[in-house]
>>> print(open('query.cif').read())   # mmCIF, all heavy atoms
data_model
#
loop_
_atom_site.label_atom_id
_atom_site.label_comp_id
_atom_site.auth_asym_id
_atom_site.auth_seq_id
_atom_site.Cartn_x
_atom_site.Cartn_y
_atom_site.Cartn_z
N ALA S 7 64.72 106.56 101.28
CA ALA S 7 65.46 106.96 100.09
C ALA S 7 66.83 106.29 100.11
O ALA S 7 67.45 106.17 101.16
CB ALA S 7 65.62 108.46 100.03
N THR S 8 67.29 105.88 98.95
CA THR S 8 68.61 105.27 98.86
C THR S 8 69.60 106.27 98.29
O THR S 8 69.24 107.14 97.49
CB THR S 8 68.58 104.01 97.96
OG1 THR S 8 68.13 104.40 96.66
CG2 THR S 8 67.66 102.95 98.52
N ALA S 9 70.84 106.12 98.68
CA ALA S 9 71.89 107.02 98.18
C ALA S 9 72.18 106.68 96.73
O ALA S 9 72.14 105.53 96.31
CB ALA S 9 73.15 106.87 99.02
N ALA S 10 72.48 107.69 95.94
CA ALA S 10 72.80 107.47 94.53
C ALA S 10 74.08 106.64 94.40
O ALA S 10 74.19 105.81 93.51
CB ALA S 10 72.96 108.80 93.82
N HIS S 11 75.03 106.90 95.28
CA HIS S 11 76.30 106.17 95.26
C HIS S 11 76.59 105.69 96.67
O HIS S 11 77.04 106.48 97.50
CB HIS S 11 77.44 107.07 94.77
CG HIS S 11 77.23 107.56 93.38
ND1 HIS S 11 77.40 106.77 92.27
CD2 HIS S 11 76.86 108.77 92.91
CE1 HIS S 11 77.13 107.47 91.19
NE2 HIS S 11 76.79 108.69 91.54
N PRO S 12 76.33 104.41 96.95
CA PRO S 12 76.62 103.91 98.31
C PRO S 12 78.12 103.99 98.59
O PRO S 12 78.93 103.99 97.66
CB PRO S 12 76.14 102.46 98.28
CG PRO S 12 76.07 102.10 96.83
CD PRO S 12 75.84 103.37 96.07
N PRO S 13 78.50 104.08 99.87
CA PRO S 13 79.92 104.18 100.20
C PRO S 13 80.69 102.95 99.70
O PRO S 13 80.16 101.85 99.70
CB PRO S 13 79.97 104.25 101.72
CG PRO S 13 78.56 104.26 102.18
CD PRO S 13 77.65 104.07 101.03
N THR S 14 81.88 103.18 99.24
CA THR S 14 82.73 102.08 98.78
C THR S 14 83.25 101.32 99.98
O THR S 14 83.78 101.93 100.91
CB THR S 14 83.92 102.63 97.97
OG1 THR S 14 83.41 103.40 96.89
CG2 THR S 14 84.78 101.51 97.43
N PRO S 15 83.09 100.00 100.01
CA PRO S 15 83.60 99.24 101.16
C PRO S 15 85.12 99.33 101.24
O PRO S 15 85.80 99.38 100.21
CB PRO S 15 83.16 97.80 100.88
CG PRO S 15 82.44 97.80 99.59
CD PRO S 15 82.46 99.18 99.02
N LEU S 16 85.62 99.38 102.45
CA LEU S 16 87.07 99.43 102.64
C LEU S 16 87.63 98.02 102.52
O LEU S 16 86.94 97.05 102.80
CB LEU S 16 87.39 99.98 104.03
CG LEU S 16 86.98 101.42 104.28
CD1 LEU S 16 87.20 101.79 105.74
CD2 LEU S 16 87.75 102.36 103.38
N PRO S 17 88.90 97.90 102.10
CA PRO S 17 89.50 96.57 102.05
C PRO S 17 89.62 96.01 103.47
O PRO S 17 89.62 96.77 104.44
CB PRO S 17 90.88 96.82 101.45
CG PRO S 17 91.14 98.27 101.61
CD PRO S 17 89.80 98.95 101.68
N PRO S 18 89.75 94.70 103.60
CA PRO S 18 89.89 94.13 104.94
C PRO S 18 91.09 94.73 105.66
O PRO S 18 92.13 94.95 105.03
CB PRO S 18 90.11 92.63 104.68
CG PRO S 18 89.65 92.41 103.29
CD PRO S 18 89.80 93.71 102.56
N PRO S 19 90.97 95.04 106.95
CA PRO S 19 92.10 95.64 107.67
C PRO S 19 93.33 94.75 107.62
O PRO S 19 93.25 93.54 107.72
CB PRO S 19 91.59 95.76 109.10
CG PRO S 19 90.12 95.68 109.01
CD PRO S 19 89.81 94.85 107.79
N GLY S 20 94.47 95.38 107.44
CA GLY S 20 95.72 94.66 107.49
C GLY S 20 96.00 93.78 106.30
O GLY S 20 96.82 92.88 106.38
N TYR S 21 95.36 94.05 105.17
CA TYR S 21 95.57 93.18 104.03
C TYR S 21 95.90 93.98 102.79
O TYR S 21 95.29 95.01 102.54
CB TYR S 21 94.32 92.32 103.75
CG TYR S 21 94.52 91.36 102.62
CD1 TYR S 21 95.22 90.18 102.82
CD2 TYR S 21 94.06 91.66 101.35
CE1 TYR S 21 95.43 89.29 101.78
CE2 TYR S 21 94.27 90.78 100.31
CZ TYR S 21 94.95 89.60 100.53
OH TYR S 21 95.18 88.73 99.50
N GLY S 22 96.86 93.51 102.02
CA GLY S 22 97.13 94.08 100.72
C GLY S 22 97.98 95.33 100.75
O GLY S 22 98.60 95.68 101.74
N ALA S 23 98.01 96.02 99.62
CA ALA S 23 98.90 97.15 99.42
C ALA S 23 98.55 98.32 100.33
O ALA S 23 99.40 99.14 100.63
CB ALA S 23 98.87 97.59 97.96
N ASP S 24 97.30 98.40 100.77
CA ASP S 24 96.91 99.53 101.59
C ASP S 24 97.76 99.60 102.86
O ASP S 24 98.27 100.66 103.19
CB ASP S 24 95.42 99.43 101.94
CG ASP S 24 94.93 100.65 102.69
OD1 ASP S 24 95.08 101.76 102.16
OD2 ASP S 24 94.42 100.49 103.80
N LEU S 25 97.94 98.49 103.53
CA LEU S 25 98.76 98.47 104.73
C LEU S 25 100.21 98.78 104.39
O LEU S 25 100.86 99.59 105.05
CB LEU S 25 98.65 97.12 105.44
CG LEU S 25 99.50 96.96 106.71
CD1 LEU S 25 99.10 98.00 107.76
CD2 LEU S 25 99.37 95.56 107.27
N ALA S 26 100.73 98.17 103.34
CA ALA S 26 102.11 98.40 102.93
C ALA S 26 102.33 99.87 102.59
O ALA S 26 103.35 100.46 102.94
CB ALA S 26 102.48 97.51 101.75
N THR S 27 101.35 100.48 101.92
CA THR S 27 101.47 101.89 101.57
C THR S 27 101.53 102.76 102.81
O THR S 27 102.36 103.67 102.91
CB THR S 27 100.28 102.31 100.67
OG1 THR S 27 100.32 101.54 99.48
CG2 THR S 27 100.34 103.79 100.33
N ARG S 28 100.67 102.46 103.78
CA ARG S 28 100.67 103.27 105.01
C ARG S 28 101.97 103.07 105.79
O ARG S 28 102.52 104.03 106.34
CB ARG S 28 99.45 102.94 105.86
CG ARG S 28 98.17 103.51 105.22
CD ARG S 28 96.95 103.22 106.04
NE ARG S 28 96.61 101.81 105.88
CZ ARG S 28 95.95 101.10 106.79
NH1 ARG S 28 95.56 101.65 107.91
NH2 ARG S 28 95.68 99.83 106.58
N VAL S 29 102.48 101.83 105.82
CA VAL S 29 103.76 101.57 106.49
C VAL S 29 104.87 102.36 105.80
O VAL S 29 105.71 102.99 106.45
CB VAL S 29 104.07 100.05 106.50
CG1 VAL S 29 105.52 99.80 106.90
CG2 VAL S 29 103.12 99.34 107.44
N ARG S 30 104.88 102.34 104.48
CA ARG S 30 105.91 103.08 103.72
C ARG S 30 105.85 104.57 104.04
O ARG S 30 106.90 105.21 104.23
CB ARG S 30 105.70 102.83 102.22
CG ARG S 30 106.81 103.38 101.35
CD ARG S 30 106.64 102.99 99.89
NE ARG S 30 106.77 101.54 99.73
CZ ARG S 30 105.78 100.73 99.38
NH1 ARG S 30 104.57 101.20 99.16
NH2 ARG S 30 106.00 99.44 99.26
N LEU S 31 104.64 105.13 104.10
CA LEU S 31 104.51 106.56 104.41
C LEU S 31 105.03 106.87 105.81
O LEU S 31 105.72 107.88 106.02
CB LEU S 31 103.05 107.00 104.28
CG LEU S 31 102.50 107.02 102.85
CD1 LEU S 31 100.99 107.24 102.87
CD2 LEU S 31 103.19 108.09 102.02
N LEU S 32 104.71 106.00 106.78
CA LEU S 32 105.20 106.22 108.14
C LEU S 32 106.72 106.12 108.20
O LEU S 32 107.38 106.93 108.84
CB LEU S 32 104.56 105.22 109.10
CG LEU S 32 103.09 105.47 109.44
CD1 LEU S 32 102.48 104.27 110.14
CD2 LEU S 32 102.95 106.72 110.31
N LYS S 33 107.29 105.12 107.53
CA LYS S 33 108.75 104.97 107.54
C LYS S 33 109.42 106.18 106.90
O LYS S 33 110.42 106.67 107.41
CB LYS S 33 109.16 103.70 106.77
CG LYS S 33 108.95 102.43 107.57
CD LYS S 33 109.43 101.22 106.80
CE LYS S 33 110.94 101.20 106.66
NZ LYS S 33 111.45 99.97 106.02
N THR S 34 108.86 106.66 105.80
CA THR S 34 109.42 107.83 105.11
C THR S 34 109.41 109.04 106.04
O THR S 34 110.32 109.86 105.99
CB THR S 34 108.62 108.12 103.83
OG1 THR S 34 108.71 106.97 102.98
CG2 THR S 34 109.17 109.31 103.08
N ALA S 35 108.39 109.11 106.91
CA ALA S 35 108.27 110.23 107.84
C ALA S 35 109.11 110.01 109.11
O ALA S 35 109.05 110.80 110.04
CB ALA S 35 106.81 110.45 108.21
N GLY S 36 109.88 108.90 109.15
CA GLY S 36 110.71 108.63 110.31
C GLY S 36 109.93 108.08 111.48
O GLY S 36 110.34 108.22 112.64
N ARG S 37 108.80 107.45 111.21
CA ARG S 37 107.92 106.96 112.28
C ARG S 37 107.80 105.44 112.22
O ARG S 37 106.71 104.88 112.24
CB ARG S 37 106.56 107.64 112.15
CG ARG S 37 106.67 109.15 112.34
CD ARG S 37 105.45 109.89 111.86
NE ARG S 37 104.31 109.64 112.73
CZ ARG S 37 103.10 110.12 112.50
NH1 ARG S 37 102.87 110.88 111.45
NH2 ARG S 37 102.11 109.86 113.32
N SER S 38 108.93 104.76 112.19
CA SER S 38 108.94 103.30 112.07
C SER S 38 108.26 102.62 113.26
O SER S 38 107.58 101.60 113.09
CB SER S 38 110.37 102.78 111.92
OG SER S 38 110.91 103.20 110.69
N ALA S 39 108.44 103.16 114.46
CA ALA S 39 107.81 102.55 115.64
C ALA S 39 106.29 102.58 115.50
O ALA S 39 105.61 101.61 115.86
CB ALA S 39 108.26 103.26 116.91
N GLN S 40 105.75 103.68 114.99
CA GLN S 40 104.31 103.76 114.79
C GLN S 40 103.87 102.79 113.70
O GLN S 40 102.79 102.19 113.78
CB GLN S 40 103.90 105.18 114.44
CG GLN S 40 102.39 105.36 114.38
CD GLN S 40 101.95 106.79 114.23
OE1 GLN S 40 102.74 107.71 114.37
NE2 GLN S 40 100.69 106.99 113.94
N ALA S 41 104.72 102.59 112.69
CA ALA S 41 104.40 101.63 111.63
C ALA S 41 104.29 100.22 112.21
O ALA S 41 103.40 99.46 111.83
CB ALA S 41 105.46 101.69 110.54
N VAL S 42 105.18 99.86 113.14
CA VAL S 42 105.12 98.55 113.78
C VAL S 42 103.81 98.40 114.55
O VAL S 42 103.14 97.36 114.46
CB VAL S 42 106.34 98.32 114.70
CG1 VAL S 42 106.17 97.04 115.52
CG2 VAL S 42 107.62 98.26 113.88
N LEU S 43 103.42 99.44 115.28
CA LEU S 43 102.15 99.38 116.02
C LEU S 43 100.96 99.24 115.07
O LEU S 43 100.02 98.50 115.37
CB LEU S 43 101.99 100.65 116.87
CG LEU S 43 102.94 100.77 118.07
CD1 LEU S 43 102.77 102.14 118.74
CD2 LEU S 43 102.71 99.66 119.06
N LEU S 44 101.01 99.92 113.94
CA LEU S 44 99.95 99.82 112.95
C LEU S 44 99.82 98.38 112.45
O LEU S 44 98.73 97.81 112.41
CB LEU S 44 100.24 100.76 111.77
CG LEU S 44 99.31 100.63 110.57
CD1 LEU S 44 97.91 101.12 110.90
CD2 LEU S 44 99.87 101.38 109.38
N VAL S 45 100.95 97.79 112.09
CA VAL S 45 100.95 96.42 111.58
C VAL S 45 100.41 95.46 112.64
O VAL S 45 99.58 94.60 112.35
CB VAL S 45 102.36 96.01 111.11
CG1 VAL S 45 102.42 94.52 110.78
CG2 VAL S 45 102.79 96.84 109.91
N ARG S 46 100.88 95.61 113.88
CA ARG S 46 100.41 94.73 114.95
C ARG S 46 98.90 94.87 115.15
O ARG S 46 98.19 93.88 115.32
CB ARG S 46 101.13 95.05 116.25
CG ARG S 46 102.61 94.66 116.21
CD ARG S 46 103.25 94.81 117.56
NE ARG S 46 102.73 93.78 118.45
CZ ARG S 46 102.83 93.82 119.77
NH1 ARG S 46 103.40 94.84 120.37
NH2 ARG S 46 102.35 92.84 120.50
N GLY S 47 98.42 96.10 115.16
CA GLY S 47 97.00 96.34 115.40
C GLY S 47 96.11 95.79 114.30
O GLY S 47 95.00 95.32 114.55
N GLU S 48 96.57 95.85 113.07
CA GLU S 48 95.73 95.44 111.95
C GLU S 48 95.87 93.97 111.60
O GLU S 48 94.99 93.41 110.96
CB GLU S 48 96.02 96.31 110.73
CG GLU S 48 95.56 97.74 110.95
CD GLU S 48 95.19 98.45 109.67
OE1 GLU S 48 95.18 97.83 108.60
OE2 GLU S 48 94.92 99.65 109.76
N THR S 49 96.99 93.34 111.97
CA THR S 49 97.21 91.96 111.55
C THR S 49 97.23 90.98 112.71
O THR S 49 97.10 89.78 112.49
CB THR S 49 98.54 91.82 110.80
OG1 THR S 49 99.61 92.08 111.71
CG2 THR S 49 98.62 92.74 109.60
N GLY S 50 97.47 91.48 113.93
CA GLY S 50 97.61 90.59 115.06
C GLY S 50 98.99 89.94 115.15
O GLY S 50 99.19 89.02 115.93
N MET S 51 99.94 90.41 114.34
CA MET S 51 101.30 89.87 114.37
C MET S 51 101.95 90.15 115.72
O MET S 51 101.61 91.13 116.39
CB MET S 51 102.18 90.53 113.30
CG MET S 51 101.95 90.09 111.90
SD MET S 51 103.14 90.94 110.82
CE MET S 51 102.53 90.43 109.22
N SER S 52 102.92 89.32 116.06
CA SER S 52 103.74 89.59 117.24
C SER S 52 104.63 90.79 116.92
O SER S 52 104.82 91.16 115.75
CB SER S 52 104.61 88.38 117.57
OG SER S 52 105.57 88.18 116.54
N GLU S 53 105.21 91.39 117.95
CA GLU S 53 106.09 92.54 117.72
C GLU S 53 107.28 92.19 116.82
O GLU S 53 107.56 92.93 115.88
CB GLU S 53 106.56 93.14 119.05
CG GLU S 53 107.33 94.43 118.83
CD GLU S 53 107.60 95.19 120.12
OE1 GLU S 53 107.04 94.84 121.17
OE2 GLU S 53 108.38 96.14 120.05
N PRO S 54 107.98 91.07 117.06
CA PRO S 54 109.11 90.75 116.16
C PRO S 54 108.67 90.54 114.71
O PRO S 54 109.36 90.98 113.79
CB PRO S 54 109.69 89.46 116.75
CG PRO S 54 109.25 89.46 118.18
CD PRO S 54 107.92 90.15 118.20
N ASP S 55 107.53 89.88 114.51
CA ASP S 55 107.05 89.66 113.14
C ASP S 55 106.66 90.99 112.49
O ASP S 55 106.97 91.23 111.32
CB ASP S 55 105.83 88.72 113.13
CG ASP S 55 106.22 87.28 113.38
OD1 ASP S 55 107.42 86.94 113.26
OD2 ASP S 55 105.32 86.48 113.72
N ALA S 56 106.00 91.86 113.24
CA ALA S 56 105.62 93.16 112.70
C ALA S 56 106.85 93.99 112.38
O ALA S 56 106.89 94.68 111.36
CB ALA S 56 104.72 93.90 113.70
N GLN S 57 107.89 93.90 113.21
CA GLN S 57 109.12 94.63 112.95
C GLN S 57 109.77 94.14 111.66
O GLN S 57 110.23 94.93 110.83
CB GLN S 57 110.10 94.48 114.11
CG GLN S 57 111.39 95.30 113.94
CD GLN S 57 111.11 96.79 113.97
OE1 GLN S 57 110.59 97.31 114.95
NE2 GLN S 57 111.46 97.49 112.91
N ARG S 58 109.76 92.82 111.44
CA ARG S 58 110.32 92.28 110.20
C ARG S 58 109.52 92.74 109.00
O ARG S 58 110.09 93.07 107.95
CB ARG S 58 110.36 90.74 110.25
CG ARG S 58 111.53 90.22 111.06
CD ARG S 58 111.71 88.72 110.91
NE ARG S 58 110.67 87.96 111.63
CZ ARG S 58 110.75 87.65 112.91
NH1 ARG S 58 111.80 88.00 113.63
NH2 ARG S 58 109.78 86.96 113.49
N PHE S 59 108.20 92.78 109.14
CA PHE S 59 107.35 93.26 108.05
C PHE S 59 107.70 94.71 107.70
O PHE S 59 107.90 95.05 106.54
CB PHE S 59 105.87 93.15 108.47
CG PHE S 59 104.90 93.61 107.41
CD1 PHE S 59 104.41 92.74 106.47
CD2 PHE S 59 104.47 94.94 107.39
CE1 PHE S 59 103.50 93.18 105.51
CE2 PHE S 59 103.59 95.37 106.44
CZ PHE S 59 103.09 94.49 105.48
N VAL S 60 107.79 95.56 108.74
CA VAL S 60 108.11 96.97 108.51
C VAL S 60 109.51 97.10 107.89
O VAL S 60 109.69 97.86 106.94
CB VAL S 60 108.01 97.76 109.84
CG1 VAL S 60 108.58 99.17 109.69
CG2 VAL S 60 106.55 97.83 110.28
N ASP S 61 110.45 96.34 108.39
CA ASP S 61 111.82 96.41 107.86
C ASP S 61 111.88 96.00 106.38
O ASP S 61 112.72 96.47 105.63
CB ASP S 61 112.77 95.52 108.66
CG ASP S 61 113.03 96.07 110.07
OD1 ASP S 61 112.72 97.26 110.33
OD2 ASP S 61 113.53 95.29 110.90
N ALA S 62 110.97 95.09 105.97
CA ALA S 62 110.98 94.58 104.60
C ALA S 62 110.38 95.56 103.61
O ALA S 62 110.59 95.42 102.40
CB ALA S 62 110.24 93.25 104.54
N ILE S 63 109.61 96.53 104.09
CA ILE S 63 108.96 97.49 103.19
C ILE S 63 110.02 98.47 102.68
O ILE S 63 110.71 99.12 103.47
CB ILE S 63 107.83 98.25 103.91
CG1 ILE S 63 106.74 97.30 104.39
CG2 ILE S 63 107.25 99.36 103.02
CD1 ILE S 63 105.94 96.66 103.30
N GLN S 64 110.11 98.56 101.38
CA GLN S 64 111.08 99.49 100.76
C GLN S 64 110.51 100.92 100.74
O GLN S 64 109.35 101.10 100.42
CB GLN S 64 111.39 99.05 99.33
CG GLN S 64 111.96 97.66 99.22
CD GLN S 64 113.31 97.53 99.93
OE1 GLN S 64 114.18 98.37 99.79
NE2 GLN S 64 113.46 96.47 100.69
N THR S 65 111.34 101.88 101.11
CA THR S 65 110.89 103.28 101.08
C THR S 65 111.54 104.01 99.94
O THR S 65 112.49 103.56 99.36
CB THR S 65 111.23 104.01 102.40
OG1 THR S 65 112.63 103.88 102.64
CG2 THR S 65 110.45 103.45 103.55
#
>>> encode(input="query.cif", output="structure tokens")
Amino acid sequence: ATAAHPPTPLPPPGYGADLATRVRLLKTAGRSAQAVLLVRGETGMSEPDAQRFVDAIQT
């Protein structure tokens, strides 16, 4: 039997507004260090590059 509504595929990890949205939420919660780890884990960026990415996200 097939499902009436198959699961919606997730966007590629570390790409697009989804990552930026999650970084913004973490920064708003005062968890910038965790946001850097999230960016590094999903994009493979170096720590300095991930820190710049997080710093560039407006909250």
>>> closest_residue(input="query.cif", among="S:Ser52, S:Thr27, S:Gln64, S:Gln57", to="Gln40 (chain S)", atoms="only C-alpha atoms")
S:Gln57
>>> atom_distance(input="query.cif", atom1="atom N of Pro54 (chain S)", atom2="atom O of Arg30 (chain S)")
19.1 Å
>>> atom_distance(input="query.cif", atom1="CZ of Arg37 (chain S)", atom2="atom C of Gly50 (chain S)")
20.8 Å
>>> atom_distance(input="query.cif", atom1="atom C of Met51 (chain S)", atom2="atom N of Ala26 (chain S)")
14.8 Å
>>> resolve_selection(input="query.cif", expression="the PyMOL selection byres (((chain S and resi 61 and name CA) around 10) and name CA)", output="PyMOL selection string")
chain S and resi 29-30+33+38+41-42+55-60+62-65
